[in-house]
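As provided, upload.cif (mmCIF, C-alpha atoms) reads as follows.
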data_structure
loop_
_atom_site.label_atom_id
_atom_site.label_comp_id
_atom_site.auth_asym_id
_atom_site.auth_seq_id
_atom_site.Cartn_x
_atom_site.Cartn_y
_atom_site.Cartn_z
CA MET A 1 -5.11 -6.17 -6.73
CA GLU A 2 -8.21 -7.37 -4.92
CA ARG A 3 -7.48 -9.50 -1.89
CA ALA A 4 -10.54 -11.60 -2.70
CA ASP A 5 -8.75 -12.76 -5.85
CA ALA A 6 -5.50 -13.41 -4.08
CA GLU A 7 -7.35 -15.57 -1.56
CA LYS A 8 -8.85 -17.97 -4.08
CA PRO A 9 -7.79 -21.48 -3.20
CA GLY A 10 -5.68 -23.60 -5.53
CA PRO A 11 -7.01 -26.18 -7.99
CA LEU A 12 -10.16 -27.94 -6.79
CA LYS A 13 -10.63 -31.68 -6.74
CA PRO A 14 -13.32 -33.07 -9.10
CA GLY A 15 -16.57 -33.51 -7.26
CA ARG A 16 -15.71 -30.94 -4.63
CA GLY A 17 -17.50 -27.64 -4.67
CA ARG A 18 -15.89 -24.26 -4.39
CA ARG A 19 -17.24 -23.72 -0.87
CA ARG A 20 -15.54 -26.82 0.42
CA ALA A 21 -12.14 -25.70 -0.86
CA GLU A 22 -12.59 -22.29 0.74
CA ASP A 23 -13.61 -23.88 4.02
CA VAL A 24 -10.51 -26.04 3.99
CA ARG A 25 -8.31 -23.08 3.18
CA HIS A 26 -9.90 -21.01 5.92
CA ALA A 27 -9.60 -23.78 8.53
CA THR A 28 -5.97 -24.35 7.55
CA LEU A 29 -5.00 -20.69 7.74
CA THR A 30 -6.74 -20.29 11.08
CA ALA A 31 -5.00 -23.32 12.55
CA ALA A 32 -1.65 -22.23 11.15
CA ALA A 33 -2.03 -18.69 12.51
CA GLU A 34 -2.98 -20.00 15.97
CA LEU A 35 0.00 -22.36 16.02
CA LEU A 36 2.30 -19.65 14.72
CA LEU A 37 1.31 -17.15 17.41
CA ALA A 38 1.34 -19.79 20.15
CA GLU A 39 4.56 -21.64 19.33
CA GLY A 40 6.54 -19.62 16.80
CA VAL A 41 7.46 -20.26 13.20
CA HIS A 42 9.91 -23.10 13.83
CA ALA A 43 7.27 -25.19 15.59
CA LEU A 44 4.97 -25.04 12.58
CA SER A 45 4.76 -28.24 10.51
CA PHE A 46 2.28 -29.50 7.91
CA SER A 47 1.45 -32.39 10.26
CA LYS A 48 0.55 -30.16 13.19
CA VAL A 49 -1.51 -27.77 11.08
CA ALA A 50 -3.30 -30.64 9.31
CA ALA A 51 -4.19 -32.24 12.63
CA ARG A 52 -5.40 -28.99 14.16
CA ALA A 53 -7.42 -27.96 11.09
CA GLY A 54 -8.81 -31.47 10.49
CA VAL A 55 -7.62 -31.51 6.90
CA SER A 56 -5.43 -33.89 4.95
CA LYS A 57 -1.70 -33.27 4.96
CA MET A 58 -1.70 -33.92 1.20
CA THR A 59 -3.93 -30.89 0.70
CA LEU A 60 -1.39 -28.70 2.46
CA TYR A 61 1.43 -30.08 0.30
CA LYS A 62 -0.61 -29.27 -2.79
CA TRP A 63 -1.45 -25.71 -1.79
CA TRP A 64 1.69 -24.49 -0.07
CA PRO A 65 5.30 -25.13 -1.13
CA SER A 66 6.56 -25.21 2.47
CA PRO A 67 5.43 -24.80 6.09
CA GLY A 68 7.10 -21.38 6.01
CA ALA A 69 4.96 -20.30 3.07
CA LEU A 70 1.85 -21.51 4.91
CA ALA A 71 2.96 -19.69 8.05
CA PHE A 72 3.32 -16.33 6.36
CA ASP A 73 0.15 -16.84 4.32
CA ALA A 74 -1.63 -17.51 7.61
CA TYR A 75 -0.03 -14.52 9.27
CA PHE A 76 -0.99 -12.28 6.36
CA SER A 77 -4.58 -13.54 6.46
CA ALA A 78 -4.87 -13.31 10.24
CA PHE A 79 -3.93 -9.64 10.28
CA GLN A 80 -5.40 -8.63 6.96
CA GLU A 81 -8.44 -6.99 8.50
CA THR A 82 -6.62 -5.68 11.56
CA LEU A 83 -3.93 -4.11 9.42
CA ALA A 84 -6.19 -2.89 6.60
CA PHE A 85 -5.36 0.53 5.17
CA PRO A 86 -8.36 2.75 5.78
CA ASP A 87 -9.36 5.41 3.26
CA THR A 88 -11.41 8.24 4.73
CA GLY A 89 -9.92 10.66 2.21
CA ASP A 90 -7.42 12.08 4.72
CA VAL A 91 -4.17 10.20 4.24
CA GLN A 92 -2.41 11.53 7.35
CA ARG A 93 -5.30 10.54 9.59
CA ASP A 94 -5.58 7.16 7.86
CA LEU A 95 -1.88 6.45 8.25
CA ALA A 96 -2.03 7.42 11.92
CA THR A 97 -4.98 5.05 12.44
CA GLN A 98 -3.27 2.16 10.66
CA LEU A 99 0.12 2.69 12.31
CA ARG A 100 -1.46 2.86 15.78
CA VAL A 101 -3.11 -0.51 15.15
CA PHE A 102 0.20 -1.90 13.89
CA VAL A 103 2.07 -0.61 16.94
CA ASN A 104 -0.58 -2.07 19.26
CA LEU A 105 -0.27 -5.41 17.49
CA LEU A 106 3.51 -5.35 17.94
CA ASN A 107 3.13 -4.46 21.60
CA ARG A 108 0.97 -7.59 22.00
CA ASN A 109 2.54 -10.08 19.56
CA GLY A 110 5.90 -8.44 18.98
CA SER A 111 8.10 -11.26 20.15
CA VAL A 112 6.43 -13.81 17.86
CA ILE A 113 6.63 -11.42 14.93
CA ALA A 114 10.25 -10.59 15.69
CA GLY A 115 10.88 -14.33 15.92
CA ILE A 116 9.36 -14.87 12.47
CA ILE A 117 11.50 -12.16 10.92
CA GLY A 118 14.55 -13.35 12.84
CA ALA A 119 14.06 -16.93 11.67
CA ALA A 120 13.87 -15.74 8.07
CA GLN A 121 17.41 -14.33 8.27
CA GLY A 122 19.87 -17.05 7.39
CA ASP A 123 17.11 -19.41 6.14
CA ALA A 124 16.72 -18.85 2.40
CA ASP A 125 13.46 -20.81 2.06
CA LEU A 126 11.83 -18.99 4.94
CA ALA A 127 13.11 -15.65 3.61
CA GLN A 128 11.64 -16.39 0.20
CA ALA A 129 8.30 -17.37 1.73
CA LEU A 130 8.22 -14.26 3.91
CA SER A 131 8.97 -12.06 0.93
CA THR A 132 6.41 -13.67 -1.37
CA HIS A 133 3.60 -14.31 1.09
CA TYR A 134 3.89 -11.27 3.29
CA VAL A 135 6.29 -8.42 2.57
CA THR A 136 5.58 -7.93 -1.13
CA GLN A 137 1.81 -8.01 -0.62
CA ARG A 138 1.80 -5.70 2.40
CA ARG A 139 4.02 -3.19 0.58
CA ALA A 140 1.73 -3.28 -2.46
CA LEU A 141 -1.31 -2.50 -0.29
CA ALA A 142 0.51 0.39 1.40
CA VAL A 143 1.76 1.83 -1.90
CA GLU A 144 -1.76 1.51 -3.32
CA ARG A 145 -3.12 3.72 -0.52
CA LEU A 146 -0.24 6.18 -0.87
CA THR A 147 -0.76 6.34 -4.64
CA ARG A 148 -4.40 7.34 -4.12
CA ALA A 149 -3.24 10.06 -1.72
CA GLN A 150 -0.67 11.26 -4.26
CA ARG A 151 -3.35 11.43 -6.96
CA ALA A 152 -5.60 13.32 -4.52
CA GLY A 153 -2.85 15.90 -4.04
CA GLN A 154 -2.12 14.97 -0.42
CA ILE A 155 1.40 13.74 -1.22
CA ARG A 156 3.64 15.71 -3.55
CA GLY A 157 4.36 14.17 -6.95
CA GLU A 158 8.11 13.77 -6.47
CA ALA A 159 7.86 11.97 -3.11
CA ASP A 160 9.03 8.35 -3.42
CA LEU A 161 6.19 6.14 -2.21
CA GLU A 162 8.19 2.93 -1.77
CA THR A 163 10.58 4.88 0.45
CA ILE A 164 7.65 6.19 2.51
CA VAL A 165 6.79 2.56 3.28
CA ASP A 166 10.29 2.09 4.73
CA GLN A 167 10.05 5.39 6.63
CA LEU A 168 6.74 4.48 8.30
CA TRP A 169 6.36 0.72 8.72
CA GLY A 170 10.10 0.06 8.37
CA ALA A 171 10.79 2.60 11.10
CA VAL A 172 8.32 0.76 13.36
CA TYR A 173 9.94 -2.62 12.60
CA HIS A 174 13.28 -1.00 13.47
CA ARG A 175 12.10 -0.32 17.02
CA LEU A 176 10.82 -3.89 17.25
CA LEU A 177 13.93 -5.62 15.93
CA LEU A 178 16.66 -3.33 17.29
CA PRO A 179 14.88 -2.13 20.42
CA ALA A 180 16.08 1.04 22.12
CA GLN A 181 13.09 3.38 22.06
CA PRO A 182 9.44 2.55 22.84
CA LEU A 183 6.68 1.73 20.37
CA THR A 184 4.10 4.32 21.40
CA THR A 185 1.31 6.43 19.96
CA GLU A 186 3.60 9.45 20.27
CA PHE A 187 6.11 7.65 18.07
CA VAL A 188 3.41 7.21 15.41
CA ASP A 189 2.62 10.93 15.59
CA HIS A 190 6.31 11.79 15.23
CA LEU A 191 6.68 9.46 12.24
CA ILE A 192 3.89 11.22 10.39
CA ALA A 193 4.82 14.76 11.46
CA ASN A 194 8.49 14.30 10.52
CA LEU A 195 7.59 12.88 7.13
CA PHE A 196 4.66 15.08 6.13
CA ARG A 197 5.85 18.39 7.57
CA GLY A 198 9.47 17.58 6.79
CA VAL A 199 12.29 18.02 9.29
CA ALA A 200 13.89 21.03 7.61
CA PRO A 201 13.06 24.49 8.98
CA ALA A 202 9.95 26.12 7.52
CA SER A 203 11.87 28.57 5.34
CA PRO A 204 14.46 26.87 3.11
CA ASP A 205 16.60 30.02 3.39
CA SER A 206 17.06 29.56 7.14
CA ALA A 207 18.54 26.10 6.62
CA MET A 208 21.95 27.40 5.69
CA MET B 1 30.11 11.00 25.11
CA GLU B 2 33.55 10.69 23.59
CA ARG B 3 34.19 7.33 21.95
CA ALA B 4 37.74 7.41 23.29
CA ASP B 5 36.29 7.16 26.80
CA ALA B 6 33.86 4.41 25.92
CA GLU B 7 36.72 2.36 24.52
CA LYS B 8 38.83 2.35 27.64
CA PRO B 9 39.51 -1.22 28.65
CA GLY B 10 38.31 -2.64 31.94
CA PRO B 11 40.36 -2.74 35.16
CA LEU B 12 44.05 -3.32 34.59
CA LYS B 13 46.10 -5.86 36.43
CA PRO B 14 48.82 -4.52 38.71
CA GLY B 15 52.13 -4.42 36.92
CA ARG B 16 50.58 -4.25 33.51
CA GLY B 17 50.80 -1.01 31.62
CA ARG B 18 47.90 0.69 29.96
CA ARG B 19 49.33 -0.03 26.51
CA ARG B 20 49.30 -3.77 27.08
CA ALA B 21 45.63 -3.80 28.04
CA GLU B 22 44.74 -1.76 25.00
CA ASP B 23 46.73 -4.08 22.77
CA VAL B 24 44.92 -7.08 24.17
CA ARG B 25 41.57 -5.40 23.72
CA HIS B 26 42.42 -4.39 20.17
CA ALA B 27 43.68 -7.88 19.25
CA THR B 28 40.57 -9.43 20.78
CA LEU B 29 38.13 -7.14 19.00
CA THR B 30 39.92 -7.64 15.68
CA ALA B 31 39.85 -11.41 16.03
CA ALA B 32 36.21 -11.38 17.11
CA ALA B 33 35.18 -9.12 14.21
CA GLU B 34 36.99 -11.34 11.70
CA LEU B 35 35.36 -14.48 13.10
CA LEU B 36 31.99 -12.78 13.22
CA LEU B 37 32.09 -11.69 9.58
CA ALA B 38 33.52 -15.02 8.43
CA GLU B 39 31.36 -17.45 10.37
CA GLY B 40 28.41 -15.57 11.86
CA VAL B 41 27.45 -14.78 15.42
CA HIS B 42 26.58 -18.32 16.49
CA ALA B 43 30.03 -19.60 15.63
CA LEU B 44 31.67 -17.07 17.94
CA SER B 45 33.01 -18.47 21.22
CA PHE B 46 35.47 -17.15 23.81
CA SER B 47 37.74 -20.12 23.02
CA LYS B 48 37.93 -19.38 19.31
CA VAL B 49 38.47 -15.66 19.79
CA ALA B 50 41.12 -16.26 22.49
CA ALA B 51 42.99 -18.67 20.24
CA ARG B 52 42.86 -16.36 17.24
CA ALA B 53 43.84 -13.25 19.21
CA GLY B 54 46.53 -15.05 21.22
CA VAL B 55 45.07 -13.88 24.53
CA SER B 56 43.91 -15.77 27.58
CA LYS B 57 40.31 -16.92 27.70
CA MET B 58 40.15 -15.66 31.30
CA THR B 59 40.78 -12.12 30.07
CA LEU B 60 37.76 -12.37 27.77
CA TYR B 61 35.59 -13.66 30.62
CA LYS B 62 36.67 -10.68 32.71
CA TRP B 63 36.01 -8.05 30.09
CA TRP B 64 32.86 -9.28 28.37
CA PRO B 65 29.80 -10.85 30.00
CA SER B 66 29.14 -13.15 27.02
CA PRO B 67 30.43 -14.04 23.54
CA GLY B 68 27.42 -12.10 22.19
CA ALA B 69 28.52 -8.97 24.01
CA LEU B 70 32.02 -9.41 22.64
CA ALA B 71 30.64 -9.97 19.14
CA PHE B 72 28.65 -6.73 19.09
CA ASP B 73 31.46 -4.79 20.74
CA ALA B 74 33.73 -6.09 17.99
CA TYR B 75 31.19 -5.27 15.32
CA PHE B 76 30.75 -1.76 16.69
CA SER B 77 34.52 -1.21 16.79
CA ALA B 78 35.12 -2.71 13.34
CA PHE B 79 32.70 -0.31 11.69
CA GLN B 80 33.16 2.69 13.95
CA GLU B 81 35.38 4.53 11.48
CA THR B 82 33.54 3.31 8.41
CA LEU B 83 30.21 4.38 9.83
CA ALA B 84 31.39 7.62 11.48
CA PHE B 85 28.98 10.54 11.25
CA PRO B 86 30.77 13.28 9.32
CA ASP B 87 30.23 16.94 10.16
CA THR B 88 31.00 19.33 7.32
CA GLY B 89 28.34 21.73 8.57
CA ASP B 90 25.76 20.55 5.99
CA VAL B 91 23.63 17.91 7.66
CA GLN B 92 21.82 16.72 4.53
CA ARG B 93 25.09 16.17 2.69
CA ASP B 94 26.62 14.50 5.76
CA LEU B 95 23.66 12.16 6.19
CA ALA B 96 23.80 11.25 2.50
CA THR B 97 27.51 10.45 2.82
CA GLN B 98 27.04 8.32 5.91
CA LEU B 99 23.97 6.49 4.61
CA ARG B 100 25.71 5.68 1.32
CA VAL B 101 28.57 4.11 3.26
CA PHE B 102 26.07 2.19 5.39
CA VAL B 103 24.18 0.94 2.33
CA ASN B 104 27.44 -0.12 0.67
CA LEU B 105 28.42 -1.99 3.82
CA LEU B 106 25.07 -3.80 3.85
CA ASN B 107 25.44 -4.67 0.17
CA ARG B 108 28.77 -6.32 1.03
CA ASN B 109 28.17 -7.79 4.50
CA GLY B 110 24.39 -7.69 4.64
CA SER B 111 23.78 -11.38 5.18
CA VAL B 112 26.12 -11.53 8.18
CA ILE B 113 24.57 -8.41 9.67
CA ALA B 114 21.05 -9.69 9.03
CA GLY B 115 22.14 -12.96 10.65
CA ILE B 116 23.33 -11.10 13.74
CA ILE B 117 20.06 -9.21 14.10
CA GLY B 118 18.07 -12.35 13.30
CA ALA B 119 19.92 -14.35 15.94
CA ALA B 120 19.17 -11.67 18.53
CA GLN B 121 15.42 -12.22 18.10
CA GLY B 122 14.31 -14.99 20.43
CA ASP B 123 17.64 -14.99 22.31
CA ALA B 124 17.33 -12.65 25.26
CA ASP B 125 21.06 -12.58 26.11
CA LEU B 126 22.05 -11.82 22.55
CA ALA B 127 19.31 -9.19 22.30
CA GLN B 128 20.55 -7.52 25.46
CA ALA B 129 24.12 -7.55 24.20
CA LEU B 130 23.09 -6.14 20.81
CA SER B 131 21.13 -3.38 22.49
CA THR B 132 23.85 -2.41 24.96
CA HIS B 133 26.91 -2.84 22.78
CA TYR B 134 25.61 -1.66 19.46
CA VAL B 135 22.15 -0.17 19.04
CA THR B 136 22.15 2.25 21.96
CA GLN B 137 25.61 3.57 21.13
CA ARG B 138 24.97 3.95 17.39
CA ARG B 139 21.68 5.76 18.08
CA ALA B 140 23.43 8.11 20.51
CA LEU B 141 26.05 9.02 17.90
CA ALA B 142 23.37 9.66 15.28
CA VAL B 143 21.26 11.77 17.65
CA GLU B 144 24.37 13.73 18.64
CA ARG B 145 24.97 14.70 14.98
CA LEU B 146 21.26 15.52 14.49
CA THR B 147 21.24 17.64 17.64
CA ARG B 148 24.12 19.73 16.30
CA ALA B 149 22.17 20.19 13.06
CA GLN B 150 19.07 21.20 15.01
CA ARG B 151 21.08 23.77 17.00
CA ALA B 152 22.55 25.05 13.73
CA GLY B 153 19.02 25.63 12.43
CA GLN B 154 19.18 22.90 9.76
CA ILE B 155 16.49 20.79 11.44
CA ARG B 156 13.36 22.43 12.81
CA GLY B 157 12.99 22.53 16.58
CA GLU B 158 9.85 20.36 16.78
CA ALA B 159 11.25 17.50 14.67
CA ASP B 160 11.75 14.37 16.77
CA LEU B 161 15.37 13.34 16.41
CA GLU B 162 15.04 9.78 17.76
CA THR B 163 12.31 9.21 15.17
CA ILE B 164 14.59 10.51 12.42
CA VAL B 165 17.02 7.73 13.35
CA ASP B 166 14.27 5.17 12.70
CA GLN B 167 13.26 6.92 9.46
CA LEU B 168 16.80 6.89 8.04
CA TRP B 169 18.82 3.96 9.38
CA GLY B 170 15.75 1.98 10.43
CA ALA B 171 14.34 2.36 6.93
CA VAL B 172 17.60 0.97 5.55
CA TYR B 173 17.52 -1.98 7.97
CA HIS B 174 13.93 -2.60 6.83
CA ARG B 175 15.11 -3.22 3.26
CA LEU B 176 17.82 -5.52 4.60
CA LEU B 177 15.64 -7.59 6.92
CA LEU B 178 12.37 -7.63 4.96
CA PRO B 179 13.79 -7.42 1.45
CA ALA B 180 11.56 -6.29 -1.38
CA GLN B 181 13.20 -3.16 -2.76
CA PRO B 182 16.90 -2.58 -3.49
CA LEU B 183 19.44 -0.86 -1.24
CA THR B 184 20.74 1.76 -3.66
CA THR B 185 22.17 5.27 -3.71
CA GLU B 186 18.84 6.46 -5.13
CA PHE B 187 17.12 5.02 -2.07
CA VAL B 188 19.42 7.09 0.16
CA ASP B 189 18.54 10.21 -1.85
CA HIS B 190 14.82 9.44 -1.51
CA LEU B 191 15.17 8.90 2.26
CA ILE B 192 16.69 12.34 2.73
CA ALA B 193 14.43 14.15 0.25
CA ASN B 194 11.24 12.63 1.71
CA LEU B 195 12.28 13.53 5.23
CA PHE B 196 13.83 16.97 4.74
CA ARG B 197 11.50 18.30 2.06
CA GLY B 198 8.53 16.49 3.55
CA VAL B 199 6.10 14.44 1.47
CA ALA B 200 3.17 16.85 1.71
CA PRO B 201 2.55 19.23 -1.20
CA ALA B 202 4.48 22.51 -1.06
CA SER B 203 1.47 24.59 -0.02
CA PRO B 204 -0.30 23.29 3.09
CA ASP B 205 -3.59 24.62 1.67
CA SER B 206 -3.46 22.26 -1.29
CA ALA B 207 -3.22 19.24 0.99
CA MET B 208 -6.89 19.19 1.77
#

Represent the structure of the file as C-alpha cells.
Amino acid sequence: MERADAEKPGPLKPGRGRRRAEDVRHATLTAAAELLLAEGVHALSFSKVAARAGVSKMTLYKWWPSPGALAFDAYFSAFQETLAFPDTGDVQRDLATQLRVFVNLLNRNGSVIAGIIGAAQGDADLAQALSTHYVTQRRALAVERLTRAQRAGQIRGEADLETIVDQLWGAVYHRLLLPAQPLTTEFVDHLIANLFRGVAPASPDSAM
Amino acid sequence: MERADAEKPGPLKPGRGRRRAEDVRHATLTAAAELLLAEGVHALSFSKVAARAGVSKMTLYKWWPSPGALAFDAYFSAFQETLAFPDTGDVQRDLATQLRVFVNLLNRNGSVIAGIIGAAQGDADLAQALSTHYVTQRRALAVERLTRAQRAGQIRGEADLETIVDQLWGAVYHRLLLPAQPLTTEFVDHLIANLFRGVAPASPDSAM
C-alpha cells in the first residue's frame, strides 16, 4: 500500500484541477492537526477546521464522515513522516530508530495523544474513526516492515508479526496510558533486546 | 508485599472491632465494584456506593480520597483472585494461564475496563487514583512472579522484567484500547512464544 495512493483526495468538482483538491486537503489536514494538538479531539469541529483552513465546510462534509475521522486522518498525516518506518536493511536498528522517535513524540505530545485514545473509549463513532483512519493503517505499515525483515531472515518464520506490533508499539502505549514506568531510550532498548534475544536463558536446557 | 497487609482497613474507631471495619470495607468494595461494572466509572459516587453498601458516606470519605480511588480499589479487589499470578514452578505455563484469564475478562468486561482507562486520560485525579490503586500494585505483583522465575533460571538475568510487563499485559491492553486484532488464546500463545523464544532466527549468525 503506497501512502501516496491513500492520500488521494475524494471526488473532484468539475472545473477544478487536481492540484486544487490536493491543496484543499493539505490545508484542511494541517489546520485539523494544529487544532487537535492545541485543543484536543473534543474541541475539533468541521466549522473550526473550515475557518482555520479557509475552506468550505461543505467540502469537509463531503470528504470526511465525521470530525473524529478528520482528526485521526490529520493526526496520521501530521506524523506520517516523523513516524515513518526506516529500512536500512537492519531491522533491529530500524526499529530502535523508529521507536525512539515515537517515544520522543509521546514525551512531547503524550497528553494530547492519550486524550485522543481516551476519548475514543466509550464513543463508538470516535473509536471507529480511530481504528479506520489511524490504527489499521499504522499497523499495516509496521507489519510491512516486519514482513520484509522476516523475508530477509532477520525475524524467524514462526514469529507472529501482528503480535510484535503489540509487543513494541503497544508496550509503549501501555506506559503512556497506564503510566508507572518512564518512556525512555533505555526502555526502547529493553523492548528490542527482550523481543529479539528472547527472555529465556540462552540454553533451553537450563530453563527447567 | 503481602496483599493481606495492603488490604488492611484504615484507622479503626475506638470501640469498634477489627471484624466490623473489615466487613464495612468488604461491603463497600463489593458495592463499588458492582456499580463500576454496571454503570461505568463516571457514574460512581460516594453517595451511591454508601447507599448500596449500607454504610455511612463519612466512612467512605475517611477511607478513600476520591470516588475514583474507591473505584480502582474496588476494581483491584474484585479481580484480585481472578487475576492472581499462579506459581506452579513453570513460568511460561503460569503466564499463559494468567494471560488467558485476563483476555477472557477483557472479552467479557472490556468496554467497562476500556472506559475506566479512557476516563483516566485527561482527568488528573482519576489518573492518579488509577496509578496508585491499580497499575502500580498490579505491576508489582507481576514483577514479583517474574523475579521468582528469573531467580529460578527460567528468565535470563539481563532481561528487563518491567519491560516484560509492558510486552505481555501492555500488549493485551493495546488490543483492547486500540482495537484492530482479536484478543484470543492464540494471541496469548504468540505473546509468550515471541518473548521467550525471541523473534530473531535461531542462529545469531543468520540474522545478518

Spell out the residues picked by the PyMOL selection byres ((chain B) within 6 of (chain A)) here, as a ChimeraX atom specification.
/B:114-115,118,121-122,153-156,159,166-167,170-171,174,194-201,207

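When the PyMOL selection byres ((chain A and resi 58-71) around 8) is evaluated against the file, it yields Pro9, Gly10, Leu29, Ala32, Ala33, Leu36, Val41, Leu44, Ser45, Phe46, Ala50, Val55, Ser56, Lys57, Phe72, Asp73, Ala74, Tyr75, Asp125, Leu126, Ala129, Leu130 and His133 of chain A.
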
Separation of CA of Ala96 (chain A) and CA of Ser77 (chain A), in Å?
21.8 Å

Any idea what the distance is between CA of Arg100 (chain A) and CA of His42 (chain A)?
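According to the coordinates, CA of Arg100 (chain A) and CA of His42 (chain A) are separated by 28.4 Å.
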
Specify as a ChimeraX atom specification each residue included when the PyMOL selection byres ((chain B and resi 97) around 10) is applied to this file.
/B:83-86,91-96,98-102,185,188

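Picture a line from CA of Asp87 (chain B) to CA of Leu146 (chain B); it runs 10.1 Å.
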
Counting all atoms listed in the file, the residue of B:Ala53, B:Lys48, B:Thr28, B:Ala140 that sits nearest Ala78 (chain B)
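Ranked by minimum distance to Ala78 (chain B), first place goes to B:Thr28.
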